[in-house]
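Undergrad: As input, take final.cif (mmCIF, C-alpha atoms and all ligand atoms):
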```cif
data_my_file
loop_
_atom_site.label_atom_id
_atom_site.label_comp_id
_atom_site.auth_asym_id
_atom_site.auth_seq_id
_atom_site.Cartn_x
_atom_site.Cartn_y
_atom_site.Cartn_z
CA MET R 1 131.15 81.21 119.46
CA THR R 2 132.50 84.77 119.61
CA ARG R 3 129.90 87.50 119.48
CA ASP R 4 129.52 89.11 116.06
CA THR R 5 130.31 92.62 117.25
CA GLU R 6 130.46 93.87 113.68
CA ILE R 7 126.80 93.23 112.93
CA PHE R 8 125.54 94.01 116.45
CA ASP R 9 127.29 97.34 116.33
CA ILE R 10 125.43 98.09 113.09
CA ILE R 11 122.14 97.10 114.77
CA ARG R 12 122.95 99.34 117.75
CA ARG R 13 123.60 102.28 115.41
CA GLU R 14 120.34 101.70 113.55
CA ARG R 15 118.51 101.61 116.87
CA GLU R 16 120.12 104.94 117.79
CA ARG R 17 119.14 106.40 114.40
CA GLN R 18 115.53 105.32 114.89
CA THR R 19 115.49 106.77 118.41
CA ARG R 20 117.04 110.19 117.84
CA GLY R 21 115.08 111.25 114.74
CA ILE R 22 111.60 112.12 113.52
CA GLU R 23 110.35 109.28 111.34
CA LEU R 24 107.94 110.46 108.65
CA ILE R 25 108.15 107.69 106.05
CA ALA R 26 104.47 106.89 105.49
CA SER R 27 105.06 103.15 105.10
CA GLU R 28 107.11 102.71 108.29
CA ASN R 29 106.21 102.19 111.91
CA TYR R 30 107.67 100.93 115.19
CA VAL R 31 106.52 97.48 116.32
CA SER R 32 105.85 96.65 119.96
CA ASP R 33 108.35 94.79 122.11
CA GLN R 34 106.10 91.69 121.94
CA VAL R 35 106.16 91.75 118.14
CA LEU R 36 109.96 92.03 118.20
CA GLU R 37 110.19 89.20 120.72
CA ALA R 38 108.07 86.86 118.59
CA MET R 39 110.11 87.72 115.50
CA GLY R 40 113.38 86.99 117.26
CA SER R 41 112.13 83.67 118.65
CA VAL R 42 113.04 79.99 118.14
CA LEU R 43 110.19 79.67 115.64
CA THR R 44 112.71 80.76 113.02
CA ASN R 45 114.23 77.26 113.32
CA LYS R 46 111.14 75.44 112.03
CA TYR R 47 110.46 74.26 108.50
CA ALA R 48 106.71 74.12 107.90
CA GLU R 49 106.03 73.95 104.15
CA GLY R 50 102.30 73.54 103.63
CA TYR R 51 99.46 74.77 105.83
CA PRO R 52 98.31 73.97 109.39
CA GLY R 53 97.34 70.29 109.58
CA LYS R 54 98.81 69.60 106.09
CA ARG R 55 102.58 70.07 106.33
CA TYR R 56 105.46 68.45 104.50
CA TYR R 57 107.57 68.24 107.69
CA GLY R 58 107.14 66.58 111.09
CA GLY R 59 107.03 68.49 114.36
CA CYS R 60 104.75 71.27 113.09
CA GLU R 61 101.99 70.83 115.68
CA VAL R 62 103.14 73.83 117.74
CA VAL R 63 103.64 76.27 114.86
CA ASP R 64 100.28 75.06 113.50
CA GLU R 65 98.74 76.63 116.59
CA SER R 66 100.36 80.04 116.09
CA GLU R 67 99.57 80.10 112.37
CA ARG R 68 95.93 79.21 113.10
CA LEU R 69 95.81 81.94 115.74
CA ALA R 70 97.18 84.46 113.23
CA GLN R 71 94.50 83.39 110.73
CA GLU R 72 91.64 83.62 113.24
CA ARG R 73 92.72 87.02 114.57
CA LEU R 74 93.12 88.42 111.05
CA LYS R 75 89.66 87.16 110.06
CA GLN R 76 88.18 88.80 113.16
CA LEU R 77 89.98 92.08 112.52
CA TYR R 78 88.53 92.56 109.03
CA GLY R 79 85.43 90.33 109.06
CA ALA R 80 87.09 88.06 106.48
CA ALA R 81 85.89 84.54 105.64
CA TRP R 82 89.27 83.28 104.40
CA VAL R 83 92.87 84.45 104.87
CA ASN R 84 96.44 83.42 104.07
CA VAL R 85 99.10 84.76 106.46
CA GLN R 86 102.16 83.27 104.74
CA PRO R 87 103.17 85.88 102.11
CA HIS R 88 106.64 87.18 102.95
CA SER R 89 105.71 90.68 101.75
CA GLY R 90 103.02 92.72 100.02
CA ALA R 91 104.63 92.10 96.63
CA GLN R 92 104.57 88.33 97.31
CA ALA R 93 100.89 88.53 98.27
CA ASN R 94 100.18 90.38 95.02
CA MET R 95 102.21 87.90 93.01
CA ALA R 96 100.12 85.06 94.42
CA VAL R 97 96.91 86.85 93.38
CA PHE R 98 98.25 87.37 89.85
CA MET R 99 99.21 83.71 89.66
CA ALA R 100 95.79 82.57 90.92
CA CYS R 101 93.72 84.90 88.73
CA LEU R 102 95.67 85.40 85.49
CA ASN R 103 97.70 83.63 82.85
CA ALA R 104 100.94 85.18 81.61
CA GLY R 105 100.15 88.00 79.21
CA ASP R 106 96.62 88.60 80.54
CA LYS R 107 95.44 92.19 80.95
CA PHE R 108 94.97 93.86 84.32
CA LEU R 109 94.36 97.44 85.39
CA GLY R 110 96.09 99.32 88.24
CA LEU R 111 96.96 102.85 89.37
CA ASN R 112 99.95 104.31 87.53
CA LEU R 113 103.06 104.15 89.76
CA SER R 114 103.95 107.76 89.00
CA HIS R 115 100.46 108.79 90.15
CA GLY R 116 100.82 107.10 93.54
CA GLY R 117 100.44 103.42 92.59
CA HIS R 118 102.42 100.46 93.93
CA LEU R 119 105.42 98.91 92.19
CA SER R 120 103.71 95.50 92.01
CA HIS R 121 100.58 96.93 90.35
CA GLY R 122 102.10 97.02 86.88
CA SER R 123 105.46 98.78 86.90
CA PRO R 124 107.38 97.75 83.75
CA VAL R 125 110.38 96.69 85.88
CA ASN R 126 108.31 94.52 88.25
CA PHE R 127 107.01 90.95 87.65
CA SER R 128 103.51 92.44 87.30
CA GLY R 129 104.48 94.57 84.32
CA LEU R 130 107.02 92.11 82.91
CA MET R 131 104.85 89.00 82.86
CA PHE R 132 101.36 90.46 82.45
CA HIS R 133 99.77 93.13 80.25
CA ALA R 134 99.54 96.17 82.52
CA LEU R 135 96.91 98.85 81.84
CA GLU R 136 96.76 101.94 83.98
CA TYR R 137 94.52 104.67 85.32
CA ASN R 138 95.68 107.99 86.76
CA VAL R 139 94.65 110.65 89.20
CA ARG R 140 93.10 113.82 87.77
CA GLU R 141 95.42 116.76 87.24
CA ASP R 142 93.00 119.34 88.65
CA ASP R 143 92.17 117.76 92.01
CA GLY R 144 94.66 114.90 92.45
CA ARG R 145 91.88 112.34 92.98
CA VAL R 146 91.51 108.98 91.22
CA ASP R 147 90.12 109.41 87.72
CA TYR R 148 87.25 106.94 88.01
CA GLU R 149 85.90 107.90 84.57
CA GLN R 150 89.22 106.88 83.02
CA LEU R 151 89.29 103.66 85.04
CA GLU R 152 85.80 102.77 83.80
CA ARG R 153 86.66 103.70 80.22
CA VAL R 154 89.75 101.45 80.17
CA ALA R 155 87.86 98.60 81.87
CA ARG R 156 85.05 98.79 79.28
CA THR R 157 87.29 98.99 76.23
CA GLU R 158 90.15 96.70 77.25
CA HIS R 159 88.34 94.13 79.44
CA PRO R 160 91.16 93.47 81.94
CA LYS R 161 90.68 90.27 83.95
CA LEU R 162 91.78 91.95 87.17
CA ILE R 163 91.20 95.50 88.41
CA ILE R 164 93.36 96.72 91.30
CA ALA R 165 92.70 99.57 93.72
CA GLY R 166 95.23 100.73 96.30
CA ALA R 167 98.20 103.07 96.35
CA SER R 168 101.46 103.92 98.06
CA ALA R 169 101.09 107.70 97.86
CA TYR R 170 97.39 108.57 97.82
CA SER R 171 95.81 110.41 100.71
CA ARG R 172 92.11 109.98 99.90
CA GLU R 173 89.42 107.40 100.61
CA TRP R 174 88.55 105.11 97.68
CA ASP R 175 85.20 104.64 95.94
CA TYR R 176 85.33 100.85 96.10
CA GLU R 177 81.63 100.51 95.27
CA ARG R 178 82.13 102.27 91.95
CA ILE R 179 85.10 100.09 90.97
CA ARG R 180 83.20 96.95 91.98
CA ARG R 181 80.32 97.98 89.72
CA VAL R 182 82.53 98.26 86.65
CA ALA R 183 84.35 95.03 87.60
CA ASP R 184 81.00 93.20 87.70
CA GLU R 185 79.89 94.84 84.45
CA THR R 186 83.07 93.83 82.59
CA GLY R 187 83.63 90.44 84.26
CA ALA R 188 86.82 91.39 86.09
CA ILE R 189 88.06 90.27 89.48
CA PHE R 190 88.38 93.25 91.83
CA MET R 191 91.41 93.28 94.14
CA VAL R 192 92.25 95.94 96.72
CA ASP R 193 95.78 96.31 98.05
CA MET R 194 95.12 98.00 101.39
CA ALA R 195 98.77 97.95 102.54
CA HIS R 196 98.93 101.65 103.39
CA PRO R 197 95.62 102.28 105.20
CA ALA R 198 95.27 98.73 106.69
CA GLY R 199 95.57 99.98 110.28
CA LEU R 200 93.01 102.75 109.81
CA ILE R 201 90.67 100.21 108.19
CA ALA R 202 91.15 97.76 111.09
CA ALA R 203 90.15 100.60 113.43
CA ARG R 204 87.01 101.26 111.32
CA LEU R 205 88.16 104.78 110.41
CA LEU R 206 88.10 104.06 106.67
CA LYS R 207 85.88 101.80 104.56
CA ASN R 208 86.66 98.08 104.77
CA PRO R 209 87.54 96.82 101.25
CA VAL R 210 86.82 93.21 102.28
CA ARG R 211 83.14 94.16 101.86
CA TYR R 212 83.57 95.37 98.28
CA ALA R 213 86.46 93.50 96.66
CA HIS R 214 86.79 89.85 95.72
CA ILE R 215 90.34 89.70 97.07
CA VAL R 216 92.25 92.01 99.43
CA THR R 217 96.02 92.02 99.95
CA SER R 218 98.07 93.93 102.49
CA THR R 219 101.40 94.32 104.14
CA THR R 220 101.43 94.01 107.91
CA HIS R 221 104.11 96.57 108.77
CA LYS R 222 102.76 99.98 107.71
CA THR R 223 99.85 101.62 109.58
CA LEU R 224 98.90 98.14 110.84
CA ARG R 225 102.10 98.14 112.99
CA GLY R 226 103.08 94.50 112.71
CA PRO R 227 106.23 92.75 111.46
CA ARG R 228 107.34 93.11 107.84
CA GLY R 229 105.16 90.75 105.81
CA GLY R 230 102.06 90.24 103.69
CA VAL R 231 98.57 88.71 103.91
CA ILE R 232 95.68 87.86 101.57
CA LEU R 233 92.01 88.03 102.59
CA MET R 234 88.60 87.34 101.09
CA GLY R 235 85.09 88.11 102.28
CA GLU R 236 82.12 85.87 101.50
CA ASP R 237 82.11 86.88 97.88
CA PHE R 238 84.66 84.60 96.20
CA PRO R 239 85.17 84.80 92.44
CA ASN R 240 86.29 81.98 90.21
CA PRO R 241 89.57 82.60 88.39
CA TRP R 242 87.97 83.86 85.22
CA GLY R 243 85.86 86.58 86.72
CA LYS R 244 82.42 85.00 86.74
CA THR R 245 80.58 85.05 90.04
CA THR R 246 80.98 81.65 91.59
CA PRO R 247 77.94 79.87 92.99
CA LYS R 248 78.11 79.51 96.76
CA GLY R 249 79.09 75.84 96.50
CA GLU R 250 82.35 76.71 94.73
CA ILE R 251 83.52 78.91 97.57
CA LYS R 252 86.70 76.92 98.13
CA MET R 253 87.88 77.23 94.59
CA MET R 254 89.58 80.62 94.72
CA SER R 255 90.84 80.00 98.24
CA GLN R 256 92.55 76.82 97.05
CA LEU R 257 94.01 78.62 94.06
CA LEU R 258 95.39 81.38 96.28
CA ASP R 259 96.79 78.96 98.86
CA SER R 260 98.52 77.02 96.08
CA ALA R 261 99.79 80.25 94.51
CA VAL R 262 101.48 81.25 97.81
CA PHE R 263 102.83 77.75 98.47
CA PRO R 264 104.14 76.00 96.42
CA GLY R 265 103.49 78.51 93.60
CA THR R 266 105.70 81.41 94.64
CA GLN R 267 107.14 80.61 98.08
CA GLY R 268 108.73 77.72 99.95
CA GLY R 269 108.76 77.41 103.73
CA PRO R 270 106.73 80.03 105.61
CA LEU R 271 108.47 82.32 108.13
CA GLU R 272 106.76 80.95 111.24
CA HIS R 273 108.51 83.43 113.56
CA VAL R 274 107.11 86.29 111.46
CA ILE R 275 103.67 84.62 111.38
CA ALA R 276 103.72 84.46 115.20
CA ALA R 277 104.67 88.17 115.24
CA LYS R 278 101.76 88.86 112.85
CA ALA R 279 99.46 87.06 115.33
CA VAL R 280 100.75 89.31 118.12
CA ALA R 281 100.19 92.43 116.02
CA PHE R 282 96.65 91.35 115.03
CA GLY R 283 95.93 90.73 118.71
CA GLU R 284 97.15 94.24 119.52
CA ALA R 285 94.99 95.66 116.74
CA LEU R 286 91.92 94.03 118.31
CA GLN R 287 92.44 96.01 121.54
CA PRO R 288 90.41 99.21 122.15
CA SER R 289 93.63 101.24 122.60
CA TYR R 290 94.47 100.51 118.96
CA THR R 291 91.46 102.53 117.77
CA GLU R 292 92.70 105.45 119.84
CA TYR R 293 96.14 105.10 118.25
CA GLN R 294 94.71 105.11 114.72
CA LYS R 295 92.47 108.10 115.46
CA GLN R 296 95.60 109.95 116.55
CA VAL R 297 97.44 108.88 113.35
CA GLN R 298 94.62 110.38 111.29
CA LYS R 299 94.39 113.54 113.41
CA ASN R 300 98.15 114.08 113.28
CA ALA R 301 98.11 113.73 109.48
CA ALA R 302 95.24 116.21 109.09
CA VAL R 303 96.96 118.79 111.31
CA MET R 304 100.29 118.26 109.54
CA ALA R 305 98.69 118.72 106.11
CA LYS R 306 97.01 121.94 107.27
CA ALA R 307 100.29 123.26 108.71
CA MET R 308 102.09 122.45 105.43
CA THR R 309 99.39 124.23 103.43
CA ASP R 310 99.59 127.25 105.75
CA LYS R 311 103.32 127.43 104.99
CA GLY R 312 102.64 127.57 101.27
CA TYR R 313 103.19 123.92 100.33
CA LYS R 314 100.89 122.20 97.87
CA ILE R 315 99.43 118.91 99.11
CA ILE R 316 98.22 116.75 96.23
CA SER R 317 94.40 116.61 96.44
CA GLY R 318 94.47 119.44 98.95
CA GLY R 319 94.57 117.37 102.14
CA THR R 320 94.36 113.87 103.57
CA ASP R 321 91.75 111.38 104.75
CA ASN R 322 94.31 108.89 106.01
CA HIS R 323 97.86 108.78 107.44
CA CYS R 324 99.85 110.27 104.57
CA MET R 325 100.28 113.22 102.26
CA LEU R 326 102.17 113.92 99.07
CA VAL R 327 103.76 117.37 98.80
CA ASP R 328 104.48 118.99 95.45
CA LEU R 329 107.59 121.05 96.20
CA ARG R 330 107.39 123.01 92.95
CA THR R 331 104.77 125.44 94.23
CA LYS R 332 107.04 126.80 96.95
CA PHE R 333 110.51 125.84 95.64
CA PRO R 334 110.44 125.42 91.83
CA ASP R 335 114.14 124.46 91.73
CA LEU R 336 114.24 122.06 94.68
CA THR R 337 114.16 118.35 93.79
CA GLY R 338 112.72 115.68 96.05
CA LYS R 339 116.15 114.06 96.02
CA LEU R 340 117.91 117.10 97.52
CA ALA R 341 115.03 117.78 99.92
CA GLU R 342 115.12 114.18 101.22
CA ARG R 343 118.90 114.36 101.70
CA ALA R 344 118.76 117.67 103.58
CA LEU R 345 115.98 116.43 105.87
CA VAL R 346 117.82 113.15 106.59
CA ALA R 347 120.87 115.24 107.57
CA ALA R 348 118.59 116.98 110.08
CA ASP R 349 117.38 113.57 111.39
CA ILE R 350 113.95 114.01 109.81
CA THR R 351 113.29 111.02 107.56
CA SER R 352 110.89 111.11 104.62
CA ASN R 353 111.13 109.92 101.05
CA LYS R 354 111.30 111.61 97.69
CA ASN R 355 108.29 110.72 95.59
CA MET R 356 107.06 111.49 92.11
CA VAL R 357 103.99 113.69 92.06
CA PRO R 358 101.27 113.16 89.44
CA PHE R 359 102.29 114.70 86.08
CA ASP R 360 105.82 115.20 87.44
CA SER R 361 108.27 117.12 85.28
CA ARG R 362 111.21 115.24 86.84
CA SER R 363 112.36 111.60 86.81
CA ALA R 364 111.80 109.01 89.55
CA PHE R 365 115.43 109.55 90.64
CA GLN R 366 115.00 113.32 91.13
CA THR R 367 111.25 113.83 91.64
CA SER R 368 109.35 117.00 92.56
CA GLY R 369 107.70 115.60 95.66
CA LEU R 370 108.12 114.39 99.20
CA ARG R 371 105.83 111.90 100.92
CA PHE R 372 105.11 112.27 104.63
CA GLY R 373 103.17 110.03 107.01
CA THR R 374 102.30 109.96 110.69
CA PRO R 375 102.09 106.27 111.76
CA ALA R 376 105.59 106.10 113.28
CA ILE R 377 105.62 109.43 115.10
CA THR R 378 102.18 108.65 116.51
CA THR R 379 103.45 105.33 117.88
CA ARG R 380 106.26 107.36 119.39
CA GLY R 381 103.67 109.38 121.32
CA LEU R 382 103.59 112.69 119.44
CA LYS R 383 100.20 114.38 119.44
CA GLU R 384 98.66 116.96 117.10
CA ASP R 385 100.10 119.92 119.03
CA MET R 386 103.58 118.82 117.85
CA MET R 387 102.72 118.75 114.13
CA PRO R 388 103.17 122.51 113.50
CA TRP R 389 106.59 122.24 115.21
CA ILE R 390 107.61 119.42 112.84
CA VAL R 391 106.41 121.38 109.81
CA GLU R 392 108.33 124.44 111.02
CA LEU R 393 111.53 122.35 111.19
CA ILE R 394 110.91 120.85 107.73
CA ASP R 395 110.37 124.33 106.33
CA ARG R 396 113.55 125.68 107.92
CA VAL R 397 115.57 122.90 106.26
CA LEU R 398 113.90 123.20 102.85
CA CYS R 399 114.27 127.00 102.77
CA ASP R 400 118.06 126.56 102.86
CA PRO R 401 118.78 122.89 102.06
CA GLU R 402 122.52 123.22 101.50
CA ASN R 403 123.29 125.31 104.57
CA GLU R 404 125.05 122.90 106.94
CA GLN R 405 124.82 125.23 109.95
CA ASN R 406 121.08 125.57 109.46
CA ILE R 407 120.69 121.80 109.18
CA LEU R 408 122.82 121.19 112.28
CA ALA R 409 120.72 123.62 114.33
CA VAL R 410 117.53 121.80 113.29
CA ARG R 411 119.09 118.42 114.01
CA GLN R 412 120.04 119.48 117.54
CA GLU R 413 116.48 120.64 118.16
CA VAL R 414 115.09 117.35 116.81
CA ASN R 415 117.47 115.22 118.93
CA ALA R 416 116.78 117.18 122.12
CA GLU R 417 113.01 116.86 121.71
CA MET R 418 112.97 113.20 120.74
CA THR R 419 114.79 112.12 123.91
CA LYS R 420 111.43 112.88 125.60
CA TYR R 421 109.80 110.04 123.63
CA PRO R 422 111.51 106.78 124.60
CA LEU R 423 111.04 104.06 122.00
CA PHE R 424 112.16 100.65 123.25
CA ALA R 425 111.49 99.07 126.64
CA TRP R 426 114.68 97.00 126.55
N1 LIG R 501 107.29 100.64 98.94
C1 LIG R 501 106.12 100.73 99.78
C2 LIG R 501 105.87 102.14 100.21
O1 LIG R 501 106.79 102.76 100.68
O2 LIG R 501 104.76 102.63 100.12
C3 LIG R 501 104.92 100.10 99.15
O3 LIG R 501 104.80 100.38 97.80
#
```
Any chance you could give the structure as structure tokens?
Ligand code: DSN

TA:
Amino acid sequence: MTRDTEIFDIIRRERERQTRGIELIASENYVSDQVLEAMGSVLTNKYAEGYPGKRYYGGCEVVDESERLAQERLKQLYGAAWVNVQPHSGAQANMAVFMACLNAGDKFLGLNLSHGGHLSHGSPVNFSGLMFHALEYNVREDDGRVDYEQLERVARTEHPKLIIAGASAYSREWDYERIRRVADETGAIFMVDMAHPAGLIAARLLKNPVRYAHIVTSTTHKTLRGPRGGVILMGEDFPNPWGKTTPKGEIKMMSQLLDSAVFPGTQGGPLEHVIAAKAVAFGEALQPSYTEYQKQVQKNAAVMAKAMTDKGYKIISGGTDNHCMLVDLRTKFPDLTGKLAERALVAADITSNKNMVPFDSRSAFQTSGLRFGTPAITTRGLKEDMMPWIVELIDRVLCDPENEQNILAVRQEVNAEMTKYPLFAW
């Protein structure tokens, strides 16, 4: 067979793009060579519908071992009693929870997407908002933090069956205990989507939601630094589908509902090559060096947020407890949209994403904000002393976002510096 030079040339160019630039998208990271190797392995050839020991195909005894290993390592990482490692993505994990806990049209409560929430927590264009009755809570306008009073008010008046915590653009720790209290009071199931801070949680730098929520979902590719994919976890405290606390003897009930909701409910054959790569990533996250990595992610984010503030940028909520920050551009550049800012930075080989800010005056296509995160640059080896340099470059671009000479000068500086941080061993 002739080599597909067309696609491999595209892959080579993407590898070059990832290598020469500063990656600040808060939901991205660089996986290890071992994770890449597992993902590109012969396990992709295997059909394995079902679960370890209960498959619909022969010849699954080997992949059963890697899936079991992924399960055991994930349980160890978060102190979970039950896990499912098959969801293809975070949205698929969430869909399985909806299917296990709700009937079509049932009410649930999640953080408003335009206030930092996730697409699959009730956006009107997503299955969650299309098939279920989405209720929302916001962050407060004055301090950018979750409006827990509003959350409690909506829970008490509307009685949603499911309450969801978790966000894609929120830089503060969550008060899980408070949400759990109102969930118990109103008979709701409490789910946390920890996709963004999962790595910091694994390293014990943020509170572990498995201790407070009935069900926890996550992606595996953000701060956690694994392959693209999703997982579902539960602690000891399993609910039944209708929100009443289940007696200990019924512990399998929700786990069976969730397993069935992943397969055959919403997915077919699991991606066993990705599950093996998840196992590798969970194994890496159990190493002591991983805690050091996550501490650096957090430190880099704190220093970056301070440097942005010192330059006159407004960080929503005034700072960060985790790996990310949301910048409201309007304070410094009232006329600059997130769309133009993102484009100018990409031209300078600094990648971030436009993002709505709470109470945004612009649409989701324009936006007034940019979201930055430090997981990828920390994997690359950049320490806190480099954060003011990055902020200086960002500021130079945003001060004159349509000046091509200015952008080129920044790009050359970025490219020259990043050659000092090799990315791939092969
Ligand atoms: N789209 C992902 C993110 O970038 O945060 C998850 O919502």

Undergrad: Of the residues R:Phe372, R:Phe365, R:Tyr212, R:Tyr290, which is the one nearest to ligand LIG 501 (chain R), using only C-alpha atoms and all ligand atoms?

TA: R:Phe372

Undergrad: Any chance you could tabulate, as a Markdown table, the residues of stretch 9-61 of chain R at most 9 Å from stretch 313-331 of chain R with each one's nearest atom pair and distance in Å to one decimal, using only C-alpha atoms, in chain and rising number order?

TA:
```
| residue | atom | partner | partner_atom | distance |
| --- | --- | --- | --- | --- |
| R:Ile25 | CA | R:Cys324 | CA | 8.8 |
| R:Ala26 | CA | R:Cys324 | CA | 5.8 |
| R:Ser27 | CA | R:Cys324 | CA | 8.8 |
```

Undergrad: Residues of the last selection are to be written out with C-alpha atoms, as an mmCIF file, keeping the file's coordinate frame.

TA:
```cif
data_model
loop_
_atom_site.group_PDB
_atom_site.id
_atom_site.type_symbol
_atom_site.label_atom_id
_atom_site.label_comp_id
_atom_site.auth_asym_id
_atom_site.auth_seq_id
_atom_site.Cartn_x
_atom_site.Cartn_y
_atom_site.Cartn_z
ATOM 1 C CA ILE R 25 108.150 107.690 106.050
ATOM 2 C CA ALA R 26 104.470 106.890 105.490
ATOM 3 C CA SER R 27 105.060 103.150 105.100
#
```

Undergrad: List every protein, DNA or RNA residue that has at least one atom no more than 9 Å from (102.7, 112.2, 85.6) in the file's coordinates, counting all atoms listed in the file, and write the result as a PyMOL selection string.

TA: chain R and resi 112+114-115+138-139+141+356-361

Undergrad: Which of these, R:Tyr293, R:Tyr421, R:Phe127, R:Tyr47, has the shortest distance to R:Pro270 once you count all atoms listed in the file?

TA: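 Using all atoms listed in the file, the shortest distance to R:Pro270 belongs to R:Tyr47.
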
Undergrad: Would you list the residues near (91.4, 104.6, 84.4) (no more than 9 Å away, in the coordinates of the file, using only C-alpha atoms) as a ChimeraX atom specification?

TA: /R:109-111,135-139,146-155

Undergrad: Output the selection as a short mmCIF file (atom, residue, chain, number, x, y, z; two decimals), in the coordinates of the input - C-alpha atoms for each residue.

TA:
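Output below, filename again_26.cif:
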```
data_model
loop_
_atom_site.label_atom_id
_atom_site.label_comp_id
_atom_site.auth_asym_id
_atom_site.auth_seq_id
_atom_site.Cartn_x
_atom_site.Cartn_y
_atom_site.Cartn_z
CA LEU R 109 94.36 97.44 85.39
CA GLY R 110 96.09 99.32 88.24
CA LEU R 111 96.96 102.85 89.37
CA LEU R 135 96.91 98.85 81.84
CA GLU R 136 96.76 101.94 83.98
CA TYR R 137 94.52 104.67 85.32
CA ASN R 138 95.68 107.99 86.76
CA VAL R 139 94.65 110.65 89.20
CA VAL R 146 91.51 108.98 91.22
CA ASP R 147 90.12 109.41 87.72
CA TYR R 148 87.25 106.94 88.01
CA GLU R 149 85.90 107.90 84.57
CA GLN R 150 89.22 106.88 83.02
CA LEU R 151 89.29 103.66 85.04
CA GLU R 152 85.80 102.77 83.80
CA ARG R 153 86.66 103.70 80.22
CA VAL R 154 89.75 101.45 80.17
CA ALA R 155 87.86 98.60 81.87
#
```

Undergrad: Could you give me the residues within 7 Å of ligand LIG 501 (chain R), counting all atoms listed in the file, as a PyMOL selection string?

TA: chain R and resi 26-27+118-119+168-169+196
